[in-house]
>>> print(open('target.cif').read())   # mmCIF, N, CA and C atoms, pLDDT in the B column; chains and numbers go by the auth columns
data_model
#
loop_
_atom_site.group_PDB
_atom_site.id
_atom_site.type_symbol
_atom_site.label_atom_id
_atom_site.label_comp_id
_atom_site.label_asym_id
_atom_site.label_seq_id
_atom_site.Cartn_x
_atom_site.Cartn_y
_atom_site.Cartn_z
_atom_site.B_iso_or_equiv
_atom_site.auth_seq_id
_atom_site.auth_asym_id
ATOM 1 N N MET A 1 20.484 -4.305 -5.260 46.00 1 A
ATOM 2 C CA MET A 1 20.494 -4.512 -3.813 46.00 1 A
ATOM 3 C C MET A 1 20.372 -3.164 -3.113 46.00 1 A
ATOM 4 N N MET A 2 19.465 -3.045 -2.139 46.00 2 A
ATOM 5 C CA MET A 2 19.258 -1.803 -1.421 46.00 2 A
ATOM 6 C C MET A 2 20.206 -1.715 -0.238 46.00 2 A
ATOM 7 N N THR A 3 20.749 -0.532 -0.040 46.00 3 A
ATOM 8 C CA THR A 3 21.572 -0.276 1.131 46.00 3 A
ATOM 9 C C THR A 3 20.890 0.788 1.964 46.00 3 A
ATOM 10 N N ASP A 4 21.396 1.050 3.159 54.00 4 A
ATOM 11 C CA ASP A 4 20.784 2.040 4.031 54.00 4 A
ATOM 12 C C ASP A 4 20.814 3.440 3.421 54.00 4 A
ATOM 13 N N ASN A 5 21.790 3.726 2.580 66.00 5 A
ATOM 14 C CA ASN A 5 21.920 5.056 1.995 66.00 5 A
ATOM 15 C C ASN A 5 21.333 5.119 0.592 66.00 5 A
ATOM 16 N N SER A 6 20.529 4.141 0.207 74.00 6 A
ATOM 17 C CA SER A 6 20.012 4.098 -1.159 74.00 6 A
ATOM 18 C C SER A 6 18.847 5.065 -1.335 74.00 6 A
ATOM 19 N N ASN A 7 18.570 5.342 -2.570 87.00 7 A
ATOM 20 C CA ASN A 7 17.425 6.155 -2.955 87.00 7 A
ATOM 21 C C ASN A 7 16.455 5.194 -3.643 87.00 7 A
ATOM 22 N N PRO A 8 15.367 4.817 -2.981 86.00 8 A
ATOM 23 C CA PRO A 8 14.461 3.808 -3.556 86.00 8 A
ATOM 24 C C PRO A 8 13.938 4.174 -4.939 86.00 8 A
ATOM 25 N N THR A 9 13.700 5.447 -5.177 88.00 9 A
ATOM 26 C CA THR A 9 13.202 5.862 -6.493 88.00 9 A
ATOM 27 C C THR A 9 14.262 5.637 -7.559 88.00 9 A
ATOM 28 N N ARG A 10 15.479 6.041 -7.262 92.00 10 A
ATOM 29 C CA ARG A 10 16.587 5.844 -8.198 92.00 10 A
ATOM 30 C C ARG A 10 16.830 4.346 -8.418 92.00 10 A
ATOM 31 N N ASP A 11 16.773 3.571 -7.332 93.00 11 A
ATOM 32 C CA ASP A 11 16.967 2.120 -7.426 93.00 11 A
ATOM 33 C C ASP A 11 15.871 1.484 -8.280 93.00 11 A
ATOM 34 N N MET A 12 14.635 1.981 -8.159 93.00 12 A
ATOM 35 C CA MET A 12 13.533 1.459 -8.954 93.00 12 A
ATOM 36 C C MET A 12 13.786 1.732 -10.439 93.00 12 A
ATOM 37 N N ILE A 13 14.199 2.938 -10.748 94.00 13 A
ATOM 38 C CA ILE A 13 14.477 3.293 -12.139 94.00 13 A
ATOM 39 C C ILE A 13 15.617 2.446 -12.696 94.00 13 A
ATOM 40 N N ASP A 14 16.660 2.256 -11.889 95.00 14 A
ATOM 41 C CA ASP A 14 17.785 1.420 -12.331 95.00 14 A
ATOM 42 C C ASP A 14 17.327 -0.011 -12.593 95.00 14 A
ATOM 43 N N ALA A 15 16.476 -0.548 -11.717 96.00 15 A
ATOM 44 C CA ALA A 15 15.978 -1.913 -11.891 96.00 15 A
ATOM 45 C C ALA A 15 15.118 -2.018 -13.150 96.00 15 A
ATOM 46 N N LEU A 16 14.282 -1.015 -13.400 96.00 16 A
ATOM 47 C CA LEU A 16 13.465 -1.013 -14.619 96.00 16 A
ATOM 48 C C LEU A 16 14.345 -0.940 -15.863 96.00 16 A
ATOM 49 N N ASP A 17 15.408 -0.157 -15.771 96.00 17 A
ATOM 50 C CA ASP A 17 16.341 -0.034 -16.892 96.00 17 A
ATOM 51 C C ASP A 17 16.990 -1.379 -17.212 96.00 17 A
ATOM 52 N N LYS A 18 17.155 -2.211 -16.193 96.00 18 A
ATOM 53 C CA LYS A 18 17.764 -3.543 -16.363 96.00 18 A
ATOM 54 C C LYS A 18 16.695 -4.615 -16.594 96.00 18 A
ATOM 55 N N ASP A 19 15.454 -4.190 -16.815 96.00 19 A
ATOM 56 C CA ASP A 19 14.324 -5.107 -17.015 96.00 19 A
ATOM 57 C C ASP A 19 14.111 -6.061 -15.842 96.00 19 A
ATOM 58 N N ASN A 20 14.421 -5.611 -14.653 96.00 20 A
ATOM 59 C CA ASN A 20 14.228 -6.414 -13.451 96.00 20 A
ATOM 60 C C ASN A 20 12.975 -5.882 -12.735 96.00 20 A
ATOM 61 N N ASN A 21 11.815 -6.350 -13.178 96.00 21 A
ATOM 62 C CA ASN A 21 10.546 -5.850 -12.643 96.00 21 A
ATOM 63 C C ASN A 21 10.315 -6.211 -11.184 96.00 21 A
ATOM 64 N N VAL A 22 10.800 -7.357 -10.770 95.00 22 A
ATOM 65 C CA VAL A 22 10.610 -7.781 -9.377 95.00 22 A
ATOM 66 C C VAL A 22 11.371 -6.842 -8.441 95.00 22 A
ATOM 67 N N GLU A 23 12.611 -6.536 -8.765 95.00 23 A
ATOM 68 C CA GLU A 23 13.411 -5.616 -7.948 95.00 23 A
ATOM 69 C C GLU A 23 12.802 -4.217 -8.004 95.00 23 A
ATOM 70 N N ALA A 24 12.324 -3.810 -9.179 95.00 24 A
ATOM 71 C CA ALA A 24 11.709 -2.488 -9.319 95.00 24 A
ATOM 72 C C ALA A 24 10.479 -2.385 -8.423 95.00 24 A
ATOM 73 N N GLU A 25 9.690 -3.459 -8.368 95.00 25 A
ATOM 74 C CA GLU A 25 8.510 -3.460 -7.509 95.00 25 A
ATOM 75 C C GLU A 25 8.899 -3.318 -6.043 95.00 25 A
ATOM 76 N N LYS A 26 9.951 -4.007 -5.628 94.00 26 A
ATOM 77 C CA LYS A 26 10.422 -3.905 -4.236 94.00 26 A
ATOM 78 C C LYS A 26 10.820 -2.471 -3.907 94.00 26 A
ATOM 79 N N HIS A 27 11.530 -1.831 -4.824 93.00 27 A
ATOM 80 C CA HIS A 27 11.971 -0.455 -4.594 93.00 27 A
ATOM 81 C C HIS A 27 10.790 0.514 -4.613 93.00 27 A
ATOM 82 N N PHE A 28 9.813 0.250 -5.483 94.00 28 A
ATOM 83 C CA PHE A 28 8.615 1.080 -5.539 94.00 28 A
ATOM 84 C C PHE A 28 7.869 1.009 -4.210 94.00 28 A
ATOM 85 N N LYS A 29 7.668 -0.204 -3.705 94.00 29 A
ATOM 86 C CA LYS A 29 6.966 -0.386 -2.432 94.00 29 A
ATOM 87 C C LYS A 29 7.723 0.284 -1.290 94.00 29 A
ATOM 88 N N SER A 30 9.047 0.197 -1.327 91.00 30 A
ATOM 89 C CA SER A 30 9.864 0.837 -0.297 91.00 30 A
ATOM 90 C C SER A 30 9.710 2.356 -0.339 91.00 30 A
ATOM 91 N N ALA A 31 9.756 2.921 -1.547 91.00 31 A
ATOM 92 C CA ALA A 31 9.610 4.374 -1.691 91.00 31 A
ATOM 93 C C ALA A 31 8.227 4.825 -1.233 91.00 31 A
ATOM 94 N N LEU A 32 7.209 4.086 -1.625 93.00 32 A
ATOM 95 C CA LEU A 32 5.838 4.432 -1.260 93.00 32 A
ATOM 96 C C LEU A 32 5.631 4.312 0.253 93.00 32 A
ATOM 97 N N SER A 33 6.157 3.248 0.828 93.00 33 A
ATOM 98 C CA SER A 33 6.037 3.032 2.268 93.00 33 A
ATOM 99 C C SER A 33 6.704 4.160 3.051 93.00 33 A
ATOM 100 N N THR A 34 7.875 4.564 2.608 91.00 34 A
ATOM 101 C CA THR A 34 8.593 5.650 3.272 91.00 34 A
ATOM 102 C C THR A 34 7.794 6.947 3.184 91.00 34 A
ATOM 103 N N LYS A 35 7.268 7.242 2.010 93.00 35 A
ATOM 104 C CA LYS A 35 6.504 8.481 1.810 93.00 35 A
ATOM 105 C C LYS A 35 5.240 8.485 2.658 93.00 35 A
ATOM 106 N N VAL A 36 4.492 7.397 2.640 95.00 36 A
ATOM 107 C CA VAL A 36 3.250 7.314 3.420 95.00 36 A
ATOM 108 C C VAL A 36 3.561 7.408 4.914 95.00 36 A
ATOM 109 N N GLY A 37 4.603 6.722 5.358 95.00 37 A
ATOM 110 C CA GLY A 37 4.992 6.767 6.769 95.00 37 A
ATOM 111 C C GLY A 37 5.343 8.170 7.222 95.00 37 A
ATOM 112 N N THR A 38 6.077 8.889 6.387 95.00 38 A
ATOM 113 C CA THR A 38 6.454 10.265 6.706 95.00 38 A
ATOM 114 C C THR A 38 5.227 11.161 6.791 95.00 38 A
ATOM 115 N N GLU A 39 4.319 11.015 5.843 96.00 39 A
ATOM 116 C CA GLU A 39 3.091 11.821 5.846 96.00 39 A
ATOM 117 C C GLU A 39 2.234 11.521 7.077 96.00 39 A
ATOM 118 N N LEU A 40 2.129 10.252 7.447 96.00 40 A
ATOM 119 C CA LEU A 40 1.349 9.889 8.637 96.00 40 A
ATOM 120 C C LEU A 40 1.970 10.468 9.906 96.00 40 A
ATOM 121 N N ASP A 41 3.291 10.405 10.013 96.00 41 A
ATOM 122 C CA ASP A 41 3.964 10.982 11.178 96.00 41 A
ATOM 123 C C ASP A 41 3.720 12.483 11.261 96.00 41 A
ATOM 124 N N ASP A 42 3.808 13.162 10.122 95.00 42 A
ATOM 125 C CA ASP A 42 3.554 14.608 10.105 95.00 42 A
ATOM 126 C C ASP A 42 2.125 14.915 10.536 95.00 42 A
ATOM 127 N N LYS A 43 1.172 14.133 10.057 95.00 43 A
ATOM 128 C CA LYS A 43 -0.239 14.352 10.403 95.00 43 A
ATOM 129 C C LYS A 43 -0.470 14.095 11.893 95.00 43 A
ATOM 130 N N ARG A 44 0.161 13.039 12.427 94.00 44 A
ATOM 131 C CA ARG A 44 0.028 12.742 13.869 94.00 44 A
ATOM 132 C C ARG A 44 0.545 13.905 14.700 94.00 44 A
ATOM 133 N N LYS A 45 1.677 14.473 14.293 93.00 45 A
ATOM 134 C CA LYS A 45 2.256 15.608 15.024 93.00 45 A
ATOM 135 C C LYS A 45 1.322 16.808 14.969 93.00 45 A
ATOM 136 N N ASP A 46 0.738 17.069 13.799 92.00 46 A
ATOM 137 C CA ASP A 46 -0.198 18.185 13.659 92.00 46 A
ATOM 138 C C ASP A 46 -1.402 17.996 14.580 92.00 46 A
ATOM 139 N N ILE A 47 -1.962 16.803 14.562 92.00 47 A
ATOM 140 C CA ILE A 47 -3.148 16.527 15.380 92.00 47 A
ATOM 141 C C ILE A 47 -2.805 16.600 16.863 92.00 47 A
ATOM 142 N N ALA A 48 -1.674 16.040 17.248 89.00 48 A
ATOM 143 C CA ALA A 48 -1.266 16.079 18.656 89.00 48 A
ATOM 144 C C ALA A 48 -1.057 17.521 19.108 89.00 48 A
ATOM 145 N N GLY A 49 -0.451 18.338 18.251 88.00 49 A
ATOM 146 C CA GLY A 49 -0.248 19.743 18.587 88.00 49 A
ATOM 147 C C GLY A 49 -1.560 20.482 18.748 88.00 49 A
ATOM 148 N N THR A 50 -2.531 20.159 17.914 87.00 50 A
ATOM 149 C CA THR A 50 -3.842 20.791 17.989 87.00 50 A
ATOM 150 C C THR A 50 -4.551 20.383 19.283 87.00 50 A
ATOM 151 N N ILE A 51 -4.475 19.111 19.609 84.00 51 A
ATOM 152 C CA ILE A 51 -5.137 18.610 20.815 84.00 51 A
ATOM 153 C C ILE A 51 -4.513 19.219 22.066 84.00 51 A
ATOM 154 N N MET A 52 -3.195 19.293 22.092 80.00 52 A
ATOM 155 C CA MET A 52 -2.501 19.801 23.273 80.00 52 A
ATOM 156 C C MET A 52 -2.688 21.313 23.430 80.00 52 A
ATOM 157 N N ALA A 53 -2.889 22.038 22.342 80.00 53 A
ATOM 158 C CA ALA A 53 -3.044 23.486 22.405 80.00 53 A
ATOM 159 C C ALA A 53 -4.481 23.904 22.711 80.00 53 A
ATOM 160 N N LYS A 54 -5.411 22.978 22.595 73.00 54 A
ATOM 161 C CA LYS A 54 -6.826 23.293 22.790 73.00 54 A
ATOM 162 C C LYS A 54 -7.131 23.498 24.265 73.00 54 A
ATOM 163 N N GLU A 55 -7.938 24.521 24.546 70.00 55 A
ATOM 164 C CA GLU A 55 -8.362 24.793 25.915 70.00 55 A
ATOM 165 C C GLU A 55 -9.303 23.681 26.378 70.00 55 A
ATOM 166 N N PRO A 56 -9.174 23.246 27.605 66.00 56 A
ATOM 167 C CA PRO A 56 -10.112 22.218 28.087 66.00 56 A
ATOM 168 C C PRO A 56 -11.531 22.779 28.111 66.00 56 A
ATOM 169 N N GLU A 57 -12.474 21.943 27.713 67.00 57 A
ATOM 170 C CA GLU A 57 -13.874 22.367 27.701 67.00 57 A
ATOM 171 C C GLU A 57 -14.428 22.341 29.117 67.00 57 A
ATOM 172 N N THR A 58 -15.185 23.371 29.438 67.00 58 A
ATOM 173 C CA THR A 58 -15.821 23.394 30.758 67.00 58 A
ATOM 174 C C THR A 58 -17.263 22.965 30.583 67.00 58 A
ATOM 175 N N THR A 59 -17.774 22.297 31.581 64.00 59 A
ATOM 176 C CA THR A 59 -19.168 21.867 31.501 64.00 59 A
ATOM 177 C C THR A 59 -20.030 22.941 32.145 64.00 59 A
ATOM 178 N N ASN A 60 -21.103 23.218 31.503 62.00 60 A
ATOM 179 C CA ASN A 60 -22.052 24.213 31.991 62.00 60 A
ATOM 180 C C ASN A 60 -23.284 23.463 32.475 62.00 60 A
ATOM 181 N N ASN A 61 -23.470 23.392 33.773 60.00 61 A
ATOM 182 C CA ASN A 61 -24.570 22.613 34.342 60.00 61 A
ATOM 183 C C ASN A 61 -25.934 23.269 34.124 60.00 61 A
ATOM 184 N N ASP A 62 -25.972 24.532 33.679 59.00 62 A
ATOM 185 C CA ASP A 62 -27.254 25.196 33.422 59.00 62 A
ATOM 186 C C ASP A 62 -28.012 24.501 32.295 59.00 62 A
ATOM 187 N N ASN A 63 -27.287 23.924 31.361 61.00 63 A
ATOM 188 C CA ASN A 63 -27.922 23.284 30.211 61.00 63 A
ATOM 189 C C ASN A 63 -28.017 21.764 30.379 61.00 63 A
ATOM 190 N N ALA A 64 -27.720 21.278 31.555 60.00 64 A
ATOM 191 C CA ALA A 64 -27.722 19.836 31.774 60.00 64 A
ATOM 192 C C ALA A 64 -29.144 19.305 31.802 60.00 64 A
ATOM 193 N N GLU A 65 -29.297 18.078 31.338 64.00 65 A
ATOM 194 C CA GLU A 65 -30.596 17.411 31.350 64.00 65 A
ATOM 195 C C GLU A 65 -30.983 17.121 32.809 64.00 65 A
ATOM 196 N N PRO A 66 -32.216 17.327 33.169 62.00 66 A
ATOM 197 C CA PRO A 66 -32.628 16.992 34.540 62.00 66 A
ATOM 198 C C PRO A 66 -32.642 15.463 34.721 62.00 66 A
ATOM 199 N N ASN A 67 -32.405 15.032 35.911 65.00 67 A
ATOM 200 C CA ASN A 67 -32.433 13.622 36.236 65.00 67 A
ATOM 201 C C ASN A 67 -33.889 13.157 36.219 65.00 67 A
ATOM 202 N N THR A 68 -34.175 12.164 35.377 67.00 68 A
ATOM 203 C CA THR A 68 -35.563 11.716 35.240 67.00 68 A
ATOM 204 C C THR A 68 -35.815 10.359 35.881 67.00 68 A
ATOM 205 N N GLU A 69 -34.908 9.911 36.711 69.00 69 A
ATOM 206 C CA GLU A 69 -35.123 8.618 37.374 69.00 69 A
ATOM 207 C C GLU A 69 -36.259 8.751 38.382 69.00 69 A
ATOM 208 N N ILE A 70 -37.057 7.687 38.455 71.00 70 A
ATOM 209 C CA ILE A 70 -38.175 7.661 39.400 71.00 70 A
ATOM 210 C C ILE A 70 -37.948 6.501 40.349 71.00 70 A
ATOM 211 N N ASP A 71 -37.950 6.811 41.642 67.00 71 A
ATOM 212 C CA ASP A 71 -37.797 5.759 42.653 67.00 71 A
ATOM 213 C C ASP A 71 -39.149 5.148 42.917 67.00 71 A
ATOM 214 N N THR A 72 -39.224 3.831 42.965 62.00 72 A
ATOM 215 C CA THR A 72 -40.508 3.156 43.227 62.00 72 A
ATOM 216 C C THR A 72 -40.464 2.385 44.509 62.00 72 A
#
>>> encode(input="target.cif", output="structure tokens")
Amino acid sequence: MMTDNSNPTRDMIDALDKDNNVEAEKHFKSALSTKVGTELDDKRKDIAGTIMAKEPETTNNDNAEPNTEIDT
């Protein structure tokens, strides 16, 4: 049984030791989910920091395409 203070990896190993594959799978998925979630949060923070630190791009109208609309 998992508690809030459990270690999913340790719980998975304990379940495997008791030949309880279903419980081991639950603990494996929990450990993997936690790891992936943490990595995604870290990546989001990195990307957000990069976006917020970037200087806003200025538009240079010298290189703008001329308006090619023709009124009839």
>>> atom_distance(input="target.cif", atom1="atom CA of Asp14 of chain A", atom2="atom CA of Glu39 of chain A")
25.6 Å
>>> atom_distance(input="target.cif", atom1="atom CA of Asn20 of chain A", atom2="atom CA of Ser33 of chain A")
20.1 Å
>>> atom_distance(input="target.cif", atom1="atom CA of Ile51 of chain A", atom2="atom N of Leu32 of chain A")
29.4 Å
>>> axis_aligned_box(input="target.cif", around="segment 37-44 of chain A", padding_each_side="3 Å", output="lines of an AutoDock Vina configuration file")
center_x = 3.0
center_y = 10.8
center_z = 10.0
size_x = 12.9
size_y = 14.2
size_z = 15.3
>>> resolve_selection(input="target.cif", expression="the PyMOL selection byres (((chain A and resi 13 and name CA) around 12) and name CA)", output="JSON, numbers by chain")
{"A": [7, 8, 9, 10, 11, 12, 14, 15, 16, 17, 18, 19, 20, 21, 23, 24, 25, 26, 27, 28, 31]}
